[in-house]
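**Student:** Below you'll find my_file.txt; it's compact mmCIF, C-alpha atoms.
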```
# COMPACT_ATOMS: atom_id res chain seq x y z
CA MET N 1 21.09 11.12 208.08
CA PRO N 2 22.35 8.93 210.92
CA LEU N 3 24.47 10.77 213.49
CA VAL N 4 28.12 10.51 214.41
CA ARG N 5 28.41 10.30 218.18
CA VAL N 6 31.02 10.14 220.92
CA HIS N 7 30.10 8.84 224.37
CA ASN N 8 31.78 8.69 227.77
CA PHE N 9 34.92 10.34 226.48
CA THR N 10 36.78 11.49 229.55
CA ILE N 11 39.44 14.16 229.99
CA SER N 12 41.30 15.72 232.90
CA LEU N 13 41.04 19.37 233.92
CA ASP N 14 44.10 20.05 231.83
CA GLY N 15 42.56 18.39 228.79
CA PHE N 16 44.35 15.03 228.63
CA GLY N 17 42.33 12.03 227.46
CA ALA N 18 45.09 9.55 228.27
CA GLY N 19 48.25 9.68 230.34
CA GLU N 20 51.83 9.12 229.31
CA GLY N 21 53.33 5.65 228.91
CA GLN N 22 50.43 3.60 227.57
CA THR N 23 51.16 -0.15 227.74
CA LEU N 24 49.37 -3.48 227.90
CA GLU N 25 49.24 -3.20 231.68
CA ALA N 26 48.33 0.49 231.69
CA PRO N 27 46.09 1.34 228.71
CA PHE N 28 45.66 4.89 230.04
CA GLY N 29 49.34 5.29 230.94
CA HIS N 30 50.17 7.03 234.20
CA ALA N 31 46.53 8.13 234.47
CA GLY N 32 45.76 4.57 235.60
CA THR N 33 42.06 4.19 236.37
CA ARG N 34 41.61 7.80 237.44
CA LEU N 35 40.00 8.96 234.22
CA MET N 36 37.38 6.23 233.89
CA SER N 37 36.64 5.45 237.52
CA TRP N 38 33.50 7.66 237.39
CA ALA N 39 32.06 5.03 235.02
CA PHE N 40 33.20 1.81 236.67
CA GLY N 41 30.58 2.03 239.40
CA THR N 42 27.64 2.49 237.05
CA ARG N 43 25.12 -0.21 236.26
CA THR N 44 25.99 0.17 232.56
CA PHE N 45 29.66 -0.63 233.07
CA ARG N 46 28.93 -3.43 235.55
CA GLN N 47 26.75 -5.03 232.88
CA MET N 48 29.70 -4.80 230.50
CA GLY N 49 31.63 -6.92 232.96
CA LEU N 50 33.56 -4.39 235.01
CA PRO N 51 34.27 -5.86 238.44
CA GLY N 52 32.57 -4.54 241.56
CA ASP N 53 30.02 -5.34 244.25
CA GLY N 54 26.32 -5.03 243.62
CA PRO N 55 24.41 -3.96 240.53
CA GLY N 56 26.06 -0.55 240.18
CA SER N 57 24.80 3.03 240.52
CA ASP N 58 21.67 4.26 238.81
CA GLY N 59 22.08 8.06 238.94
CA VAL N 60 23.18 10.72 236.50
CA ASP N 61 26.47 8.99 235.68
CA ASP N 62 24.61 5.88 234.62
CA ALA N 63 22.05 7.94 232.69
CA PHE N 64 24.87 9.38 230.57
CA ALA N 65 26.88 6.17 230.35
CA ARG N 66 23.91 4.07 229.26
CA ARG N 67 23.35 5.81 225.94
CA TRP N 68 26.68 4.71 224.49
CA ASN N 69 25.31 1.81 222.40
CA ASP N 70 21.70 2.95 221.79
CA GLY N 71 21.03 2.96 218.07
CA ILE N 72 24.69 2.50 217.19
CA GLY N 73 25.47 0.42 214.09
CA VAL N 74 29.25 0.64 214.02
CA GLU N 75 32.20 1.96 216.00
CA ILE N 76 35.31 3.60 214.57
CA MET N 77 38.33 3.32 216.86
CA GLY N 78 41.98 4.19 216.58
CA ARG N 79 44.55 1.47 216.65
CA ASN N 80 45.73 2.52 220.12
CA LYS N 81 42.31 1.79 221.51
CA PHE N 82 42.36 -1.66 219.91
CA GLY N 83 45.63 -2.63 221.52
CA PRO N 84 49.11 -1.67 222.67
CA GLN N 85 51.01 -2.81 219.55
CA ARG N 86 52.56 -0.18 217.28
CA GLY N 87 53.92 -0.56 213.76
CA PRO N 88 53.40 -3.76 211.71
CA TRP N 89 51.31 -6.46 213.42
CA THR N 90 53.70 -8.88 215.09
CA ASP N 91 51.14 -10.57 217.31
CA GLU N 92 48.19 -11.62 215.18
CA GLU N 93 46.72 -13.42 218.18
CA TRP N 94 45.81 -10.06 219.75
CA LYS N 95 42.06 -9.54 219.40
CA GLY N 96 41.52 -6.44 221.52
CA TRP N 97 41.20 -5.85 225.25
CA TRP N 98 37.67 -7.21 225.52
CA GLY N 99 37.91 -10.99 225.55
CA ASP N 100 36.08 -13.43 223.24
CA GLU N 101 32.81 -11.54 223.30
CA PRO N 102 33.45 -7.77 223.10
CA PRO N 103 30.67 -5.45 224.32
CA PHE N 104 30.18 -3.74 220.94
CA HIS N 105 27.97 -6.32 219.15
CA THR N 106 28.42 -4.40 215.87
CA PRO N 107 31.12 -4.02 213.24
CA VAL N 108 34.12 -2.05 214.52
CA VAL N 109 36.41 -0.18 212.14
CA VAL N 110 39.98 -0.07 213.46
CA LEU N 111 42.08 2.66 211.84
CA THR N 112 45.60 1.44 211.10
CA HIS N 113 48.25 1.90 208.46
CA HIS N 114 48.85 -1.85 208.54
CA ALA N 115 46.23 -3.92 206.71
CA ARG N 116 44.99 -7.17 208.23
CA PRO N 117 42.01 -9.46 207.56
CA PRO N 118 38.83 -8.88 209.56
CA ILE N 119 38.38 -10.71 212.87
CA GLU N 120 34.95 -12.05 213.69
CA MET N 121 34.25 -12.33 217.40
CA ALA N 122 31.39 -13.89 219.36
CA GLY N 123 28.26 -11.80 219.89
CA GLY N 124 28.24 -9.88 216.62
CA THR N 125 31.43 -7.84 216.87
CA THR N 126 33.70 -7.92 213.79
CA PHE N 127 36.91 -5.92 213.69
CA HIS N 128 37.65 -4.42 210.24
CA PHE N 129 41.10 -2.91 209.74
CA LEU N 130 41.20 0.15 207.53
CA ASP N 131 43.91 2.56 206.37
CA ALA N 132 41.90 5.71 205.69
CA ASP N 133 41.44 9.36 206.61
CA PRO N 134 38.40 10.33 208.71
CA VAL N 135 36.16 11.14 205.73
CA GLU N 136 36.85 7.82 203.99
CA ALA N 137 36.64 5.88 207.25
CA LEU N 138 33.26 7.41 207.97
CA ARG N 139 32.00 6.59 204.49
CA ARG N 140 32.97 2.95 204.98
CA ALA N 141 31.55 2.89 208.50
CA ARG N 142 28.19 4.26 207.31
CA GLU N 143 27.96 1.39 204.84
CA LEU N 144 28.47 -1.05 207.71
CA ALA N 145 26.00 0.79 209.97
CA GLY N 146 23.04 0.87 207.61
CA GLU N 147 20.43 3.24 209.04
CA LYS N 148 22.06 3.37 212.44
CA ASP N 149 24.43 5.91 214.02
CA VAL N 150 28.21 5.80 214.00
CA ARG N 151 30.16 5.96 217.26
CA ILE N 152 33.68 7.36 217.36
CA GLY N 153 35.14 5.28 220.16
CA GLY N 154 38.52 6.92 220.70
CA GLY N 155 41.31 7.14 221.60
CA VAL N 156 42.23 10.74 221.94
CA ASP N 157 43.88 11.20 218.58
CA THR N 158 40.95 9.63 216.74
CA VAL N 159 38.36 11.84 218.44
CA ARG N 160 40.51 14.90 217.79
CA GLN N 161 40.87 14.06 214.10
CA PHE N 162 37.12 13.61 213.64
CA LEU N 163 36.46 16.89 215.50
CA ALA N 164 39.03 18.70 213.37
CA ALA N 165 37.30 17.37 210.23
CA ASP N 166 33.94 18.56 211.63
CA LEU N 167 32.41 15.10 211.37
CA ILE N 168 30.93 14.81 214.87
CA ASP N 169 27.28 15.59 215.67
CA ARG N 170 27.08 14.68 219.37
CA LEU N 171 29.96 14.70 221.81
CA HIS N 172 29.51 13.55 225.39
CA LEU N 173 32.56 14.61 227.38
CA VAL N 174 33.29 13.94 231.02
CA ILE N 175 35.66 16.26 232.86
CA VAL N 176 37.35 14.66 235.84
CA PRO N 177 38.83 17.06 238.41
CA ILE N 178 42.39 15.79 238.19
CA VAL N 179 45.49 17.39 236.69
CA LEU N 180 47.34 14.76 234.64
CA GLY N 181 50.18 17.02 233.52
CA ARG N 182 51.23 14.84 230.57
CA GLY N 183 49.79 12.48 228.00
CA GLU N 184 47.54 13.02 224.98
CA ARG N 185 45.69 16.33 224.77
CA LEU N 186 42.23 16.39 223.21
CA TRP N 187 42.01 20.09 222.35
CA ASP N 188 45.23 20.71 220.42
CA GLY N 189 44.42 22.38 217.12
CA LEU N 190 40.73 22.80 217.93
CA GLU N 191 40.65 26.51 218.81
CA GLY N 192 37.17 28.00 218.56
CA ILE N 193 35.43 24.65 218.12
CA GLU N 194 32.72 25.69 220.60
CA ASP N 195 31.14 27.87 217.90
CA ARG N 196 29.87 24.73 216.20
CA PHE N 197 28.12 23.29 219.22
CA ALA N 198 25.40 24.01 221.75
CA ILE N 199 26.84 22.99 225.10
CA GLU N 200 25.16 21.87 228.32
CA ALA N 201 27.00 21.10 231.56
CA THR N 202 25.72 18.63 234.17
CA PRO N 203 27.59 17.84 237.38
CA SER N 204 27.49 14.50 239.12
CA PRO N 205 27.68 13.89 242.86
CA GLN N 206 31.03 12.15 242.20
CA GLY N 207 32.53 15.50 241.25
CA VAL N 208 32.81 14.92 237.51
CA THR N 209 31.07 17.19 235.01
CA HIS N 210 29.24 15.86 231.99
CA LEU N 211 29.36 18.14 228.95
CA SER N 212 26.89 17.53 226.14
CA LEU N 213 27.96 19.14 222.88
CA THR N 214 25.33 19.14 220.12
CA ARG N 215 26.33 20.23 216.63
CA ARG N 216 24.41 23.31 215.50
CA ALA N 217 22.51 23.17 212.22
CA ARG N 218 24.96 23.20 209.34
CA MET W 1 44.88 31.48 260.61
CA PRO W 2 43.25 33.62 257.92
CA LEU W 3 42.78 31.88 254.57
CA VAL W 4 44.35 32.41 251.19
CA ARG W 5 41.58 32.49 248.59
CA VAL W 6 41.09 32.75 244.85
CA HIS W 7 37.73 33.83 243.41
CA ASN W 8 36.15 34.00 239.98
CA PHE W 9 39.27 32.67 238.30
CA THR W 10 38.18 31.58 234.86
CA ILE W 11 39.74 29.14 232.42
CA SER W 12 38.81 27.63 229.08
CA LEU W 13 38.18 23.93 228.46
CA ASP W 14 41.80 23.62 227.39
CA GLY W 15 43.01 25.26 230.60
CA PHE W 16 43.95 28.75 229.44
CA GLY W 17 43.33 31.62 231.88
CA ALA W 18 44.20 34.29 229.33
CA GLY W 19 44.60 34.37 225.60
CA GLU W 20 47.60 35.28 223.48
CA GLY W 21 48.55 38.90 222.75
CA GLN W 22 47.57 40.74 225.92
CA THR W 23 47.54 44.51 225.40
CA LEU W 24 46.00 47.66 226.82
CA GLU W 25 43.02 47.20 224.52
CA ALA W 26 42.78 43.44 225.06
CA PRO W 27 43.75 42.52 228.64
CA PHE W 28 42.77 38.89 227.99
CA GLY W 29 44.42 38.80 224.56
CA HIS W 30 42.59 37.01 221.77
CA ALA W 31 40.19 35.59 224.37
CA GLY W 32 38.52 39.01 224.39
CA THR W 33 35.56 39.02 226.78
CA ARG W 34 34.77 35.33 226.28
CA LEU W 35 36.35 34.16 229.54
CA MET W 36 34.72 36.66 231.88
CA SER W 37 31.37 37.21 230.17
CA TRP W 38 29.69 34.75 232.59
CA ALA W 39 30.39 37.33 235.32
CA PHE W 40 29.56 40.57 233.54
CA GLY W 41 25.82 40.00 233.83
CA THR W 42 25.82 39.37 237.57
CA ARG W 43 24.61 41.88 240.14
CA THR W 44 28.06 41.72 241.78
CA PHE W 45 29.89 42.83 238.66
CA ARG W 46 27.26 45.45 237.77
CA GLN W 47 27.81 46.96 241.21
CA MET W 48 31.53 47.09 240.44
CA GLY W 49 30.67 49.29 237.49
CA LEU W 50 30.51 46.84 234.58
CA PRO W 51 28.17 48.22 231.94
CA GLY W 52 24.81 46.60 231.21
CA ASP W 53 21.08 47.07 231.53
CA GLY W 54 19.25 46.50 234.79
CA PRO W 55 20.54 45.37 238.15
CA GLY W 56 22.17 42.13 236.96
CA SER W 57 21.41 38.46 237.55
CA ASP W 58 20.88 37.02 240.99
CA GLY W 59 21.36 33.28 240.44
CA VAL W 60 24.18 30.84 241.01
CA ASP W 61 26.74 32.88 239.07
CA ASP W 62 26.11 35.85 241.30
CA ALA W 63 26.18 33.66 244.42
CA PHE W 64 29.70 32.57 243.52
CA ALA W 65 30.88 35.94 242.24
CA ARG W 66 29.66 37.82 245.30
CA ARG W 67 32.02 36.19 247.77
CA TRP W 68 35.13 37.63 246.18
CA ASN W 69 35.63 40.47 248.68
CA ASP W 70 33.93 39.05 251.80
CA GLY W 71 36.38 39.12 254.70
CA ILE W 72 39.31 39.96 252.43
CA GLY W 73 42.01 42.22 253.89
CA VAL W 74 44.45 42.35 250.99
CA GLU W 75 44.90 41.21 247.38
CA ILE W 76 48.09 39.93 245.82
CA MET W 77 48.21 40.38 242.06
CA GLY W 78 50.79 39.87 239.38
CA ARG W 79 52.09 42.80 237.46
CA ASN W 80 50.26 41.70 234.31
CA LYS W 81 46.95 42.06 236.10
CA PHE W 82 47.93 45.56 237.21
CA GLY W 83 48.65 46.74 233.70
CA PRO W 84 50.01 46.05 230.25
CA GLN W 85 53.53 47.47 230.80
CA ARG W 86 56.48 45.10 230.95
CA GLY W 87 60.04 45.75 232.16
CA PRO W 88 61.00 48.98 233.97
CA TRP W 89 58.14 51.40 234.59
CA THR W 90 58.13 53.94 231.80
CA ASP W 91 54.65 55.33 232.44
CA GLU W 92 54.35 56.19 236.12
CA GLU W 93 50.94 57.71 235.45
CA TRP W 94 49.45 54.24 235.00
CA LYS W 95 47.41 53.40 238.10
CA GLY W 96 45.71 50.17 237.06
CA TRP W 97 42.69 49.40 234.90
CA TRP W 98 40.13 50.40 237.50
CA GLY W 99 39.94 54.21 237.48
CA ASP W 100 40.35 56.58 240.44
CA GLU W 101 38.41 54.40 242.88
CA PRO W 102 39.31 50.73 242.33
CA PRO W 103 36.84 48.11 243.62
CA PHE W 104 39.30 46.51 246.06
CA HIS W 105 39.05 48.94 249.02
CA THR W 106 42.07 47.21 250.66
CA PRO W 107 45.81 47.20 250.22
CA VAL W 108 46.88 45.46 247.01
CA VAL W 109 50.33 43.89 246.68
CA VAL W 110 51.55 44.04 243.07
CA LEU W 111 54.37 41.59 242.36
CA THR W 112 57.05 43.13 240.16
CA HIS W 113 60.81 43.03 239.75
CA HIS W 114 60.78 46.83 239.40
CA ALA W 115 60.35 48.74 242.66
CA ARG W 116 58.11 51.79 242.77
CA PRO W 117 56.55 53.84 245.62
CA PRO W 118 53.05 52.87 246.78
CA ILE W 119 50.07 54.51 245.11
CA GLU W 120 47.15 55.49 247.32
CA MET W 121 43.82 55.57 245.52
CA ALA W 122 40.38 56.80 246.55
CA GLY W 123 38.19 54.40 248.55
CA GLY W 124 40.88 52.61 250.56
CA THR W 125 42.87 50.87 247.84
CA THR W 126 46.66 51.28 248.05
CA PHE W 127 48.94 49.56 245.53
CA HIS W 128 52.18 48.31 247.08
CA PHE W 129 54.89 47.14 244.67
CA LEU W 130 56.93 44.19 245.86
CA ASP W 131 59.75 42.10 244.40
CA ALA W 132 59.30 38.81 246.27
CA ASP W 133 58.62 35.11 245.87
CA PRO W 134 55.18 33.77 246.85
CA VAL W 135 56.14 32.90 250.45
CA GLU W 136 57.61 36.33 251.17
CA ALA W 137 54.80 38.11 249.33
CA LEU W 138 52.26 36.24 251.43
CA ARG W 139 54.08 37.10 254.66
CA ARG W 140 53.99 40.78 253.74
CA ALA W 141 50.36 40.56 252.60
CA ARG W 142 49.31 38.95 255.89
CA GLU W 143 50.81 41.90 257.75
CA LEU W 144 48.70 44.25 255.66
CA ALA W 145 45.55 42.10 256.05
CA GLY W 146 45.53 41.85 259.84
CA GLU W 147 43.00 39.18 260.84
CA LYS W 148 41.41 39.06 257.42
CA ASP W 149 41.89 36.70 254.48
CA VAL W 150 44.28 37.13 251.57
CA ARG W 151 43.01 37.00 248.01
CA ILE W 152 45.26 35.94 245.16
CA GLY W 153 43.81 38.02 242.36
CA GLY W 154 45.67 36.68 239.31
CA GLY W 155 46.79 36.67 236.57
CA VAL W 156 47.39 33.14 235.50
CA ASP W 157 51.08 32.99 236.34
CA THR W 158 50.53 34.35 239.84
CA VAL W 159 47.78 31.85 240.67
CA ARG W 160 49.89 29.01 239.28
CA GLN W 161 52.90 30.05 241.38
CA PHE W 162 50.86 30.16 244.58
CA LEU W 163 49.30 26.79 243.78
CA ALA W 164 52.73 25.30 243.07
CA ALA W 165 53.95 26.60 246.44
CA ASP W 166 50.86 25.06 248.11
CA LEU W 167 49.79 28.36 249.61
CA ILE W 168 46.13 28.37 248.54
CA ASP W 169 43.29 27.22 250.82
CA ARG W 170 40.23 27.95 248.67
CA LEU W 171 40.15 28.08 244.91
CA HIS W 172 37.01 29.05 243.03
CA LEU W 173 37.48 28.18 239.37
CA VAL W 174 35.07 28.75 236.53
CA ILE W 175 35.33 26.59 233.44
CA VAL W 176 33.96 28.19 230.30
CA PRO W 177 33.12 25.83 227.43
CA ILE W 178 35.41 27.43 224.86
CA VAL W 179 38.67 26.17 223.36
CA LEU W 180 41.18 29.06 223.33
CA GLY W 181 44.02 27.13 221.77
CA ARG W 182 46.78 29.52 222.92
CA GLY W 183 47.64 31.84 225.76
CA GLU W 184 48.60 31.23 229.39
CA ARG W 185 47.91 27.77 230.81
CA LEU W 186 46.93 27.46 234.45
CA TRP W 187 47.80 23.81 235.01
CA ASP W 188 51.36 23.56 233.72
CA GLY W 189 53.57 21.97 236.37
CA LEU W 190 50.67 21.19 238.69
CA GLU W 191 50.27 17.44 238.02
CA GLY W 192 48.43 15.66 240.82
CA ILE W 193 47.36 18.86 242.58
CA GLU W 194 43.83 17.47 243.06
CA ASP W 195 45.13 15.27 245.90
CA ARG W 196 45.35 18.35 248.11
CA PHE W 197 41.78 19.48 247.59
CA ALA W 198 38.19 18.43 248.07
CA ILE W 199 36.40 19.41 244.87
CA GLU W 200 32.77 20.24 244.19
CA ALA W 201 31.33 21.05 240.75
CA THR W 202 28.29 23.28 240.19
CA PRO W 203 26.90 24.10 236.75
CA SER W 204 25.19 27.34 235.87
CA PRO W 205 22.37 27.83 233.37
CA GLN W 206 24.84 29.88 231.27
CA GLY W 207 26.82 26.71 230.58
CA VAL W 208 29.83 27.46 232.75
CA THR W 209 30.88 25.15 235.59
CA HIS W 210 31.95 26.44 238.97
CA LEU W 211 34.58 24.31 240.71
CA SER W 212 35.15 24.82 244.41
CA LEU W 213 38.48 23.45 245.59
CA THR W 214 38.96 23.32 249.36
CA ARG W 215 42.39 22.49 250.74
CA ARG W 216 42.34 19.29 252.82
CA ALA W 217 43.68 19.40 256.38
CA ARG W 218 47.45 19.71 256.30
```
What do you get writing this file as structure tokens?
**Tutor:**
Amino acid sequence: MPLVRVHNFTISLDGFGAGEGQTLEAPFGHAGTRLMSWAFGTRTFRQMGLPGDGPGSDGVDDAFARRWNDGIGVEIMGRNKFGPQRGPWTDEEWKGWWGDEPPFHTPVVVLTHHARPPIEMAGGTTFHFLDADPVEALRRARELAGEKDVRIGGGVDTVRQFLAADLIDRLHLVIVPIVLGRGERLWDGLEGIEDRFAIEATPSPQGVTHLSLTRRAR
Amino acid sequence: MPLVRVHNFTISLDGFGAGEGQTLEAPFGHAGTRLMSWAFGTRTFRQMGLPGDGPGSDGVDDAFARRWNDGIGVEIMGRNKFGPQRGPWTDEEWKGWWGDEPPFHTPVVVLTHHARPPIEMAGGTTFHFLDADPVEALRRARELAGEKDVRIGGGVDTVRQFLAADLIDRLHLVIVPIVLGRGERLWDGLEGIEDRFAIEATPSPQGVTHLSLTRRAR
């Protein structure tokens, strides 16, 4: 059975995966770039088009970052990751944060209560909009993925829902040593979840810690 | 100036330093022994009298644990670390969790709103009971410590108060990969505290991560 994986999902020391006040200008709210800056300097993220000098770093952070799209056939993302709009779609011109050719190159299932026709982008990415719970969304995503794995792309609420439903096989978390104080918490309602996973911790010279959670045999 | 240090202070992935429902039988509440079990197997903790077979481990966990009493002249602890009683002292026979000869071997300042005469124990530990805010408690503790450092011993609320008052120079935190879900949170009210510290992360083969926070020059 193909796996359900999460990659490069980053939280603060106090467990927030996004700050407060998320907007078009500040997708991570008051967290700004502090959560994801560990990744911006890697070769993987430079190749995705993140700005910066040189080819990017090639150490442990890149080793973890690089695996995000290996063998992935589909991504499931929450609506908040797709864009800053809430409620019914008022701006149908919005096609995500990623420009004309998004870095996914696979189908992407966007969870939303507001139906909308699919959007086909350059480079193989198609956004499908789906009103479904995690189990149904995963069923649909597996159809789109064929034999390949499913990535749960975030945001926080989406990852938490799939963890709560025990649908995740591999979870790569990055803990950044900052205290955000407010925003969206990953761990709410997930007491005792560690029992399901084998966990390995790896530090990086940047001061972040990579946690690899692997689902134990069911 | 002698330093103010915290050692072996352990939190869960979701930032809890103690669980819910702390009692005489369960000093860490529903967390049980899960927070501190990384330490119980070390040579340092075996020498403090923790039960277990053999002399204890001698690796990175012990290297961190061992420093807790080096150059320390006094400990400040909250009343909840001293014992499970709340409110006025009804059981004056209670002399802490640690038996007739506690492992501190220094004066210990116990913060409480309820005054009580000092208790002198075997081996050099004397418990002094003090109703004071962190600044005043530290002033008094420095008098007791002479030229030596001050350790803030916990619990959670005490460490958080001293962090909030910016009185801590060195903070050794241990992050255990469990999700407690409820209890006492360390980070509440400490947004942005990372700006004050240089931070280094070190993993241990047990799966815990040691964070060393060193106060930047003031």
**Student:** Taking (33.4, -6.1, 218.0) as a centre in this file's frame and 12 Å as the limit, can you find every polymer residue with an atom that close, using only C-alpha atoms, and give them as a ChimeraX atom specification?
**Tutor:** /N:73-77,82,95-110,118-129,153
**Student:** Would you list which chain W residues are within 8 Å of chain N using only C-alpha atoms, as JSON, numbers by chain?
**Tutor:** {"W": [13, 14, 15, 177, 178, 179, 180, 181, 182, 187, 188, 189, 190, 191, 192, 193, 194, 199, 200, 201, 202, 203, 204, 207, 208, 209]}
**Student:** To one decimal place, how far is CA of Leu35 (chain W) from CA of Gly154 (chain W) in Å?
**Tutor:** 13.7 Å
**Student:** Go through W:Pro117, W:Trp94, W:Met36, W:Asp166 and flag the residue nearest Phe9 (chain W), using only C-alpha atoms for the distances.
**Tutor:**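 The closest residue to Phe9 (chain W) is W:Met36.
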**Student:** Just checking: using all atoms listed in the file, which residue out of N:Ser37, N:Ala145, N:Leu171, N:Arg139 ends up closest to Gly52 (chain N)?
**Tutor:** N:Ser37
**Student:** In Å, how far is it from CA of Leu163 (chain W) to CA of Ala26 (chain W)?
**Tutor:**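 These two atoms are separated by 25.9 Å.
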**Student:** With all atoms listed in the file as the atoms that count, which of W:Gly183, W:Arg43, W:Leu167, W:Gly17 lies nearest to Glu136 (chain W)?
**Tutor:** W:Leu167
**Student:** Would you pick out the contacts of Asp62 (chain N) at 8 Å or less, using all atoms listed in the file, so that residues sharing its chain but fewer than 2 positions from it are not included, and give the list as a PyMOL selection string?
**Tutor:** chain N and resi 39+42-44+57-60+64-66
**Student:** Between CA of Gly41 (chain N) and CA of Leu24 (chain N), what is the spacing in Å?
**Tutor:**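 We find that CA of Leu24 (chain N) and CA of Gly41 (chain N) lie 22.7 Å from each other.
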